[in-house]
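Q: Dropping in work_2.cif, with mmCIF, C-alpha atoms.
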```
data_run
#
loop_
_atom_site.group_PDB
_atom_site.id
_atom_site.type_symbol
_atom_site.label_atom_id
_atom_site.label_comp_id
_atom_site.auth_asym_id
_atom_site.auth_seq_id
_atom_site.Cartn_x
_atom_site.Cartn_y
_atom_site.Cartn_z
ATOM 1 C CA LEU A 4 -3.190 -2.463 -15.585
ATOM 2 C CA ARG A 5 -3.559 -1.596 -11.876
ATOM 3 C CA PHE A 6 -2.661 -4.144 -9.192
ATOM 4 C CA PHE A 7 -2.774 -4.166 -5.414
ATOM 5 C CA PHE A 8 -0.727 -7.094 -4.096
ATOM 6 C CA HIS A 9 -0.380 -8.530 -0.616
ATOM 7 C CA GLN A 10 2.548 -10.823 0.130
ATOM 8 C CA SER A 11 0.262 -13.732 1.034
ATOM 9 C CA ALA A 12 -1.540 -13.498 -2.340
ATOM 10 C CA LEU A 13 1.757 -13.350 -4.222
ATOM 11 C CA ARG A 14 3.007 -16.371 -2.262
ATOM 12 C CA PHE A 15 -0.109 -18.336 -3.232
ATOM 13 C CA VAL A 16 0.260 -17.484 -6.927
ATOM 14 C CA ARG A 17 3.931 -18.483 -6.901
ATOM 15 C CA THR A 18 3.184 -21.790 -5.158
ATOM 16 C CA PHE A 19 0.233 -22.551 -7.435
ATOM 17 C CA PHE A 20 2.160 -22.147 -10.672
ATOM 18 C CA SER A 21 5.435 -23.661 -9.458
ATOM 19 C CA GLY A 22 3.843 -26.937 -8.266
ATOM 20 C CA ASP A 23 4.538 -29.999 -10.364
ATOM 21 C CA GLU A 24 3.491 -33.613 -10.373
ATOM 22 C CA ARG A 25 6.195 -34.650 -7.930
ATOM 23 C CA ASP A 26 4.374 -32.779 -5.179
ATOM 24 C CA HIS A 27 1.382 -35.109 -5.258
ATOM 25 C CA GLY A 28 2.922 -37.724 -2.996
ATOM 26 C CA PRO A 29 4.806 -41.048 -3.170
ATOM 27 C CA ASP A 30 2.012 -42.845 -5.041
ATOM 28 C CA THR A 31 2.315 -40.580 -8.084
ATOM 29 C CA ALA A 32 4.470 -42.965 -10.094
ATOM 30 C CA GLU A 33 2.110 -45.869 -9.479
ATOM 31 C CA ASP A 34 -0.857 -43.727 -10.468
ATOM 32 C CA HIS A 35 0.836 -42.902 -13.764
ATOM 33 C CA ASP A 36 1.254 -46.602 -14.521
ATOM 34 C CA ASP A 37 -2.500 -47.064 -14.173
ATOM 35 C CA GLU A 38 -3.383 -44.140 -16.410
ATOM 36 C CA ASN A 39 -5.427 -44.824 -19.504
ATOM 37 C CA PRO A 40 -3.344 -44.076 -22.627
ATOM 38 C CA ASP A 41 -6.496 -42.745 -24.271
ATOM 39 C CA ASP A 42 -6.836 -39.923 -21.697
ATOM 40 C CA ILE A 43 -7.015 -36.431 -23.202
ATOM 41 C CA PRO A 44 -3.588 -34.718 -22.939
ATOM 42 C CA GLY A 45 -3.069 -31.138 -21.748
ATOM 43 C CA VAL A 46 -3.657 -28.186 -24.048
ATOM 44 C CA PHE A 47 -0.841 -27.855 -26.588
ATOM 45 C CA PHE A 48 0.227 -24.352 -27.578
ATOM 46 C CA GLN A 49 1.994 -24.164 -30.909
ATOM 47 C CA ASN A 50 2.269 -20.394 -30.599
ATOM 48 C CA PHE A 51 1.539 -18.320 -27.495
ATOM 49 C CA LYS A 52 2.009 -14.565 -27.501
ATOM 50 C CA VAL A 53 1.532 -11.921 -24.806
ATOM 51 C CA LYS A 54 1.722 -8.302 -25.917
ATOM 52 C CA PRO A 55 3.792 -5.787 -23.921
ATOM 53 C CA CYS A 56 1.892 -3.934 -21.224
ATOM 54 C CA LYS A 57 2.384 -1.511 -18.368
ATOM 55 C CA LEU A 58 1.613 -2.333 -14.727
ATOM 56 C CA LYS A 59 1.101 0.049 -11.835
ATOM 57 C CA VAL A 60 1.648 -1.871 -8.613
ATOM 58 C CA ASP A 61 1.111 -1.359 -4.898
ATOM 59 C CA TYR A 62 2.684 -4.100 -2.779
ATOM 60 C CA LEU A 63 2.160 -4.670 0.951
ATOM 61 C CA PRO A 64 4.745 -7.036 2.516
ATOM 62 C CA GLU A 65 3.975 -9.137 5.560
ATOM 63 C CA LYS A 66 7.339 -10.488 6.691
ATOM 64 C CA VAL A 67 10.861 -11.119 5.398
ATOM 65 C CA ASP A 68 12.247 -14.666 5.183
ATOM 66 C CA LEU A 69 15.729 -13.984 6.540
ATOM 67 C CA ASP A 70 16.883 -17.585 6.008
ATOM 68 C CA ALA A 71 15.978 -17.439 2.321
ATOM 69 C CA LEU A 72 17.710 -14.062 2.039
ATOM 70 C CA LYS A 73 20.881 -15.500 3.600
ATOM 71 C CA HIS A 74 20.841 -18.364 1.083
ATOM 72 C CA GLY A 75 20.765 -15.999 -1.886
ATOM 73 C CA SER A 76 17.045 -15.479 -2.489
ATOM 74 C CA TYR A 77 17.334 -11.772 -3.134
ATOM 75 C CA VAL A 78 13.655 -11.598 -4.122
ATOM 76 C CA GLU A 79 13.021 -11.281 -0.363
ATOM 77 C CA ILE A 80 14.428 -7.747 -0.545
ATOM 78 C CA ILE A 81 11.080 -6.503 -1.879
ATOM 79 C CA ASN A 82 9.493 -7.617 1.412
ATOM 80 C CA LEU A 83 11.510 -5.093 3.416
ATOM 81 C CA MET A 84 9.314 -2.088 2.578
ATOM 82 C CA PRO A 85 5.908 -1.475 0.967
ATOM 83 C CA LEU A 86 5.851 -0.327 -2.648
ATOM 84 C CA ASN A 87 3.579 2.482 -3.817
ATOM 85 C CA ASP A 88 2.605 3.349 -7.406
ATOM 86 C CA MET A 89 5.513 1.419 -8.933
ATOM 87 C CA VAL A 90 5.251 1.302 -12.740
ATOM 88 C CA LEU A 91 6.673 -1.772 -14.497
ATOM 89 C CA MET A 92 6.932 -2.418 -18.231
ATOM 90 C CA LEU A 93 6.321 -6.065 -19.137
ATOM 91 C CA GLU A 94 8.015 -7.127 -22.350
ATOM 92 C CA GLU A 95 6.394 -9.075 -25.152
ATOM 93 C CA VAL A 96 6.571 -12.853 -24.663
ATOM 94 C CA ARG A 97 6.469 -15.442 -27.451
ATOM 95 C CA ILE A 98 6.315 -19.156 -26.613
ATOM 96 C CA ARG A 99 6.325 -22.088 -29.042
ATOM 97 C CA ASP A 100 5.484 -25.775 -28.674
ATOM 98 C CA MET A 101 4.523 -25.972 -25.003
ATOM 99 C CA THR A 102 1.839 -28.056 -23.274
ATOM 100 C CA GLY A 103 -0.331 -27.080 -20.293
ATOM 101 C CA TRP A 104 -1.677 -23.799 -18.954
ATOM 102 C CA GLY A 105 0.453 -24.048 -15.810
ATOM 103 C CA THR A 106 3.644 -24.573 -17.795
ATOM 104 C CA VAL A 107 2.897 -21.646 -20.083
ATOM 105 C CA ALA A 108 2.011 -19.332 -17.192
ATOM 106 C CA ALA A 109 5.183 -20.304 -15.327
ATOM 107 C CA GLU A 110 7.271 -19.616 -18.445
ATOM 108 C CA VAL A 111 5.651 -16.196 -18.974
ATOM 109 C CA LEU A 112 6.213 -15.216 -15.336
ATOM 110 C CA SER A 113 9.797 -16.460 -15.486
ATOM 111 C CA ARG A 114 10.591 -14.333 -18.532
ATOM 112 C CA TRP A 115 8.926 -11.267 -17.066
ATOM 113 C CA LEU A 116 10.804 -11.665 -13.777
ATOM 114 C CA GLY A 117 14.072 -12.122 -15.647
ATOM 115 C CA ASP A 118 13.529 -8.926 -17.627
ATOM 116 C CA ILE A 119 12.466 -6.975 -14.524
ATOM 117 C CA CYS A 120 15.491 -8.171 -12.542
ATOM 118 C CA SER A 121 17.878 -7.210 -15.339
ATOM 119 C CA THR A 122 16.423 -3.848 -16.397
ATOM 120 C CA GLN A 123 14.004 -2.487 -13.764
ATOM 121 C CA MET A 124 15.342 -3.481 -10.339
ATOM 122 C CA HIS A 125 15.974 0.184 -9.487
ATOM 123 C CA LYS A 126 12.214 0.758 -9.440
ATOM 124 C CA PHE A 127 11.888 -1.418 -6.336
ATOM 125 C CA LEU A 128 14.063 1.136 -4.544
ATOM 126 C CA THR A 129 12.559 4.278 -6.034
ATOM 127 C CA GLY A 130 9.015 2.936 -5.531
ATOM 128 C CA SER A 131 9.486 2.034 -1.860
ATOM 129 C CA ALA A 132 7.748 4.207 0.719
ATOM 130 C CA PRO A 133 10.837 5.958 2.210
ATOM 131 C CA PHE A 134 12.352 6.949 -1.150
ATOM 132 C CA GLN A 135 9.302 7.618 -3.307
ATOM 133 C CA PRO A 136 8.754 11.242 -2.130
ATOM 134 C CA ILE A 137 12.397 12.078 -2.826
ATOM 135 C CA VAL A 138 12.195 10.551 -6.301
ATOM 136 C CA ASN A 139 8.945 12.385 -7.082
ATOM 137 C CA LEU A 140 10.428 15.694 -5.953
ATOM 138 C CA GLY A 141 13.465 15.008 -8.116
ATOM 139 C CA GLY A 142 11.131 14.445 -11.056
ATOM 140 C CA GLY A 143 9.394 17.716 -10.233
ATOM 141 C CA MET A 144 12.706 19.566 -10.280
ATOM 142 C CA ALA A 145 13.477 18.013 -13.660
ATOM 143 C CA ASP A 146 10.118 19.308 -14.896
ATOM 144 C CA LEU A 147 11.351 22.835 -14.195
ATOM 145 C CA VAL A 148 13.644 22.360 -17.198
ATOM 146 C CA ILE A 149 12.016 19.625 -19.301
ATOM 147 C CA VAL A 150 8.468 21.031 -19.435
ATOM 148 C CA PRO A 151 9.477 24.589 -20.512
ATOM 149 C CA VAL A 152 11.809 23.218 -23.189
ATOM 150 C CA LYS A 153 9.097 20.892 -24.505
ATOM 151 C CA GLU A 154 6.480 23.657 -24.540
ATOM 152 C CA PHE A 155 8.892 26.090 -26.191
ATOM 153 C CA ARG A 156 9.686 23.593 -28.953
ATOM 154 C CA GLN A 157 5.952 23.179 -29.574
ATOM 155 C CA GLY A 158 5.646 26.915 -30.230
ATOM 156 C CA ALA A 159 4.625 28.267 -26.837
ATOM 157 C CA LYS A 160 6.021 31.556 -25.611
ATOM 158 C CA LEU A 161 9.008 31.336 -23.261
ATOM 159 C CA GLY A 162 7.207 32.991 -20.350
ATOM 160 C CA LYS A 163 4.197 30.690 -20.676
ATOM 161 C CA ALA A 164 6.457 27.636 -20.957
ATOM 162 C CA VAL A 165 8.390 28.568 -17.802
ATOM 163 C CA LYS A 166 5.126 29.235 -15.975
ATOM 164 C CA LYS A 167 3.807 25.768 -16.852
ATOM 165 C CA GLY A 168 7.020 24.087 -15.698
ATOM 166 C CA THR A 169 6.927 26.005 -12.424
ATOM 167 C CA SER A 170 3.271 25.129 -11.801
ATOM 168 C CA THR A 171 4.000 21.448 -12.476
ATOM 169 C CA PHE A 172 6.836 21.486 -9.950
ATOM 170 C CA ALA A 173 4.749 23.358 -7.371
ATOM 171 C CA GLY A 174 1.919 20.843 -7.786
ATOM 172 C CA LYS A 175 4.247 17.919 -7.120
ATOM 173 C CA VAL A 176 5.766 19.619 -4.084
ATOM 174 C CA ALA A 177 2.321 20.369 -2.661
ATOM 175 C CA TYR A 178 1.134 16.811 -3.264
ATOM 176 C CA GLU A 179 4.172 15.208 -1.641
ATOM 177 C CA ALA A 180 4.028 17.589 1.335
ATOM 178 C CA VAL A 181 0.348 16.840 1.970
ATOM 179 C CA ASN A 182 0.793 13.112 1.401
ATOM 180 C CA MET A 183 3.758 12.964 3.765
ATOM 181 C CA THR A 184 1.850 14.958 6.396
ATOM 182 C CA SER A 185 -1.050 12.515 6.164
ATOM 183 C CA SER A 186 1.202 9.457 6.499
ATOM 184 C CA LEU A 187 3.329 10.790 9.368
ATOM 185 C CA SER A 188 0.390 12.111 11.376
ATOM 186 C CA LYS A 189 -1.470 8.817 10.882
ATOM 187 C CA TYR A 190 1.558 6.935 12.210
ATOM 188 C CA THR A 191 1.776 9.341 15.165
ATOM 189 C CA ALA A 192 -1.916 8.804 15.925
ATOM 190 C CA LYS A 193 -1.517 5.020 15.920
ATOM 191 C CA LEU A 194 1.623 5.160 18.052
ATOM 192 C CA THR A 195 0.197 7.487 20.707
ATOM 193 C CA ASN A 196 -3.135 5.651 20.771
ATOM 194 C CA LYS A 197 -1.338 2.341 21.284
ATOM 195 C CA ALA A 198 0.705 3.827 24.125
ATOM 196 C CA ALA A 199 -2.431 5.256 25.740
ATOM 197 C CA SER A 200 -4.204 1.899 25.444
ATOM 198 C CA LYS A 201 -1.375 0.183 27.305
ATOM 199 C CA LEU A 202 -1.610 2.690 30.156
ATOM 200 C CA THR A 203 -5.325 2.229 30.741
ATOM 201 C CA LYS A 204 -7.796 -0.613 30.968
ATOM 202 C CA ASN A 205 -10.551 1.528 29.490
ATOM 203 C CA THR A 206 -11.461 0.091 26.073
ATOM 204 C CA SER A 207 -12.878 3.447 24.925
ATOM 205 C CA THR A 208 -9.313 4.664 24.384
ATOM 206 C CA SER A 209 -9.420 3.260 20.821
ATOM 207 C CA MET A 210 -9.761 5.986 18.202
ATOM 208 C CA PRO A 211 -12.946 6.215 16.107
ATOM 209 C CA SER A 212 -12.650 4.182 12.911
ATOM 210 C CA ARG A 213 -12.368 6.043 9.630
ATOM 211 C CA PRO A 214 -15.395 6.276 7.312
ATOM 212 C CA THR A 215 -15.485 3.694 4.535
ATOM 213 C CA ARG A 216 -16.126 6.424 1.953
ATOM 214 C CA VAL A 217 -12.993 8.016 0.510
ATOM 215 C CA PRO A 218 -12.984 11.792 1.196
ATOM 216 C CA ARG A 219 -13.160 13.869 -1.961
ATOM 217 C CA ASN A 220 -11.959 17.113 -0.372
ATOM 218 C CA VAL A 221 -11.184 18.742 2.972
ATOM 219 C CA ARG A 222 -14.858 19.425 3.625
ATOM 220 C CA ASP A 223 -15.602 15.684 3.625
ATOM 221 C CA THR A 224 -13.100 15.163 6.458
ATOM 222 C CA ALA A 225 -14.710 17.580 8.927
ATOM 223 C CA GLY A 226 -16.959 15.015 10.616
ATOM 224 C CA HIS A 227 -14.271 12.436 11.356
ATOM 225 C CA ALA A 228 -11.730 15.098 12.328
ATOM 226 C CA TYR A 229 -14.154 16.624 14.832
ATOM 227 C CA GLU A 230 -14.999 13.168 16.203
ATOM 228 C CA SER A 231 -11.301 12.294 16.643
ATOM 229 C CA ILE A 232 -10.447 15.531 18.485
ATOM 230 C CA SER A 233 -13.559 15.235 20.673
ATOM 231 C CA HIS A 234 -12.686 11.659 21.545
ATOM 232 C CA GLY A 235 -9.170 12.638 22.651
ATOM 233 C CA LEU A 236 -10.427 15.522 24.778
ATOM 234 C CA LYS A 237 -13.154 13.375 26.361
ATOM 235 C CA GLU A 238 -10.582 10.735 27.266
ATOM 236 C CA ALA A 239 -8.342 13.354 28.878
ATOM 237 C CA ASN A 240 -11.326 14.826 30.740
ATOM 238 C CA TYR A 241 -12.256 11.367 32.002
ATOM 239 C CA LYS A 242 -8.756 10.727 33.350
ATOM 240 C CA ILE A 243 -8.083 14.159 34.863
ATOM 241 C CA ILE A 244 -11.512 15.244 36.136
ATOM 242 C CA ILE A 245 -14.089 12.452 36.335
ATOM 243 C CA LEU A 246 -11.948 9.699 37.842
ATOM 244 C CA PRO A 247 -10.220 12.011 40.385
ATOM 245 C CA TYR A 248 -13.633 13.340 41.438
ATOM 246 C CA ARG A 249 -14.858 9.811 42.043
ATOM 247 C CA GLU A 250 -11.750 9.056 44.055
ATOM 248 C CA TRP A 251 -12.288 12.279 46.039
ATOM 249 C CA VAL A 252 -15.788 11.151 46.970
ATOM 250 C CA ARG A 253 -14.606 7.639 47.757
ATOM 251 C CA SER A 254 -11.281 8.159 49.593
ATOM 252 C CA GLY A 255 -10.617 11.899 49.891
ATOM 253 C CA PRO A 256 -7.900 14.236 48.554
ATOM 254 C CA ALA A 257 -5.096 11.650 48.711
ATOM 255 C CA GLY A 258 -6.948 9.234 46.424
ATOM 256 C CA ALA A 259 -7.861 12.054 44.050
ATOM 257 C CA ALA A 260 -4.225 13.157 43.830
ATOM 258 C CA ARG A 261 -3.073 9.602 43.037
ATOM 259 C CA SER A 262 -5.752 9.317 40.339
ATOM 260 C CA VAL A 263 -4.599 12.579 38.727
ATOM 261 C CA VAL A 264 -0.976 11.393 38.648
ATOM 262 C CA ARG A 265 -1.975 8.061 37.099
ATOM 263 C CA GLY A 266 -4.111 9.808 34.476
ATOM 264 C CA ILE A 267 -1.559 12.411 33.323
ATOM 265 C CA PRO A 268 0.126 10.194 30.636
ATOM 266 C CA VAL A 269 -3.207 9.267 29.041
ATOM 267 C CA ALA A 270 -4.481 12.837 29.378
ATOM 268 C CA VAL A 271 -1.454 13.977 27.353
ATOM 269 C CA LEU A 272 -1.401 11.155 24.777
ATOM 270 C CA ALA A 273 -5.132 10.971 24.005
ATOM 271 C CA PRO A 274 -5.502 14.580 22.707
ATOM 272 C CA ILE A 275 -2.283 14.211 20.702
ATOM 273 C CA SER A 276 -3.620 11.015 19.152
ATOM 274 C CA GLY A 277 -6.961 12.646 18.331
ATOM 275 C CA ALA A 278 -5.376 15.765 16.847
ATOM 276 C CA SER A 279 -2.923 13.670 14.805
ATOM 277 C CA GLU A 280 -5.733 11.539 13.390
ATOM 278 C CA ALA A 281 -7.735 14.654 12.547
ATOM 279 C CA LEU A 282 -4.731 16.218 10.805
ATOM 280 C CA SER A 283 -3.997 12.984 8.921
ATOM 281 C CA TYR A 284 -7.555 12.631 7.643
ATOM 282 C CA ALA A 285 -7.790 16.319 6.704
ATOM 283 C CA ALA A 286 -4.511 16.040 4.790
ATOM 284 C CA LEU A 287 -5.888 12.950 3.048
ATOM 285 C CA GLY A 288 -8.899 14.961 1.882
ATOM 286 C CA LEU A 289 -6.626 17.770 0.665
ATOM 287 C CA ARG A 290 -4.463 15.236 -1.184
ATOM 288 C CA ASN A 291 -7.519 13.818 -2.947
ATOM 289 C CA GLN A 292 -8.643 17.335 -3.801
ATOM 290 C CA ILE A 293 -5.242 18.079 -5.377
ATOM 291 C CA ARG A 294 -5.029 14.714 -7.165
ATOM 292 C CA PRO A 295 -8.493 13.375 -8.092
ATOM 293 C CA ASP A 296 -6.858 10.528 -10.046
ATOM 294 C CA VAL A 297 -5.376 9.138 -6.811
ATOM 295 C CA ARG A 298 -8.803 9.304 -5.170
ATOM 296 C CA ILE A 299 -10.413 7.447 -8.075
ATOM 297 C CA GLU A 300 -7.826 4.666 -7.795
ATOM 298 C CA GLU A 301 -8.416 4.344 -4.072
ATOM 299 C CA GLU A 302 -12.191 4.230 -4.571
ATOM 300 C CA ALA A 303 -11.793 1.451 -7.142
ATOM 301 C CA TRP A 304 -9.546 -0.456 -4.733
ATOM 302 C CA ARG A 305 -12.092 -0.187 -1.929
ATOM 303 C CA LYS A 306 -14.914 -1.302 -4.219
ATOM 304 C CA GLY A 307 -12.832 -4.320 -5.171
ATOM 305 C CA LEU A 308 -12.298 -5.226 -1.523
ATOM 306 C CA ASN A 309 -16.018 -4.951 -0.819
ATOM 307 C CA GLY A 310 -16.962 -7.053 -3.828
ATOM 308 C CA ASP A 311 -18.820 -4.205 -5.544
ATOM 309 C CA PHE A 312 -16.355 -3.537 -8.335
#
```
Output the structure of this file as structure tokens.

A:
Amino acid sequence: LRFFFHQSALRFVRTFFSGDERDHGPDTAEDHDDENPDDIPGVFFQNFKVKPCKLKVDYLPEKVDLDALKHGSYVEIINLMPLNDMVLMLEEVRIRDMTGWGTVAAEVLSRWLGDICSTQMHKFLTGSAPFQPIVNLGGGMADLVIVPVKEFRQGAKLGKAVKKGTSTFAGKVAYEAVNMTSSLSKYTAKLTNKAASKLTKNTSTSMPSRPTRVPRNVRDTAGHAYESISHGLKEANYKIIILPYREWVRSGPAGAARSVVRGIPVAVLAPISGASEALSYAALGLRNQIRPDVRIEEEAWRKGLNGDF
């Protein structure tokens, strides 16, 4: 199963299933006294079984509740960093003699959380954004030994087995390098664009938005990359040439010189932001070309957000 969680959605689910009748207000007890004894009771489950399954989870935190963390709610630790492609194994759950869908769901979630906390807590560290590339590269290095041994035991020649292990490792290194380049350059683009926006009142400083369609390869990124670079250069041209020229016409060389000085920071930041966005989007296309399975997952996620999936 594939899940994309946001902290607000997880908070709603937790609140929904943890609510009980005491939360309905002070008149709850009186309402119970007036209940008809012939009312239909909740669904009774004599036996309830959930088979084991595997989850692949992306989690986007919003904020950390520091007060809850100080009082021992260590679940808040997962809100420190986003989680990417974390795989969790959910154990089989068997429940007997329990009434109500909410009660059963709460019991299932409680058992799953207990098992995850006792046996799979390390995955919240290895699946977090800062550590995931290191872990994946470590797995690639292990493949240098594990894959050749496995292939050799299955009857493959030693040279062919070593070649397959090496290609597996090289593929993981290439993927992580491209993925990291895309993430870092995207962050650089946002940071420099934000700085440029603060230095100017011109609303056109904002970078062009990315296409809604997921790029399948590097060729699909050419249009947006060109648009991003052009936008950065046009912004620099506007600050260094057009505005100083207008000031020259209006107030002479002194005004033009002041306009050039004021425009230098934006003229430097805007091209950097455009080039960084172009590099990030091109690297994203290369990543999807290397790993089509990642692209397919992202396309499914976008279709789900748009209500078309």

Q: Each residue of stretch 78-159 of chain A lying at most 9 Å from stretch 53-58 of chain A should get a row with its shortest atom-to-atom pair and the distance in Å to one decimal, counting all atoms listed in the file; could you produce that, ordered by chain and increasing number, as a Markdown table?

A:
```
| residue | atom | partner | partner_atom | distance |
| --- | --- | --- | --- | --- |
| A:Met89 | CA | A:Leu58 | CA | 7.9 |
| A:Val90 | CA | A:Leu58 | CA | 5.5 |
| A:Leu91 | CA | A:Leu58 | CA | 5.1 |
| A:Met92 | CA | A:Lys57 | CA | 4.6 |
| A:Leu93 | CA | A:Cys56 | CA | 5.3 |
| A:Glu94 | CA | A:Pro55 | CA | 4.7 |
| A:Glu95 | CA | A:Pro55 | CA | 4.4 |
| A:Val96 | CA | A:Val53 | CA | 5.1 |
| A:Arg97 | CA | A:Val53 | CA | 6.6 |
| A:Ile98 | CA | A:Val53 | CA | 8.9 |
| A:Val111 | CA | A:Val53 | CA | 8.3 |
```

Q: Can you work out which one of A:Ala180, A:Thr18, A:Gly235, A:Lys52 has the shortest atom-to-atom distance to A:Met101, counting only C-alpha atoms?

A: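 Counting only C-alpha atoms, the residue closest to A:Met101 is A:Lys52.
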
Q: Evaluate the PyMOL selection byres ((chain A and resi 136-152) around 10) on the structure here and hand back the selected residues as JSON, numbers by chain.

A: {"A": [128, 129, 130, 131, 132, 133, 134, 135, 153, 154, 155, 156, 157, 159, 160, 161, 162, 163, 164, 165, 166, 167, 168, 169, 170, 171, 172, 173, 174, 175, 176, 177, 178, 179, 180, 182, 183]}

Q: Go through A:Ser231, A:Glu250, A:Glu302, A:Arg265 and flag the residue nearest A:Ala278, using all atoms listed in the file for the distances.

A: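 Result for the nearest residue to A:Ala278: A:Ser231.
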
Q: Which is closer to A:Asn220 than all the others in A:Arg261, A:Lys193, A:Arg298, A:His234, using all atoms listed in the file?

A: A:Arg298
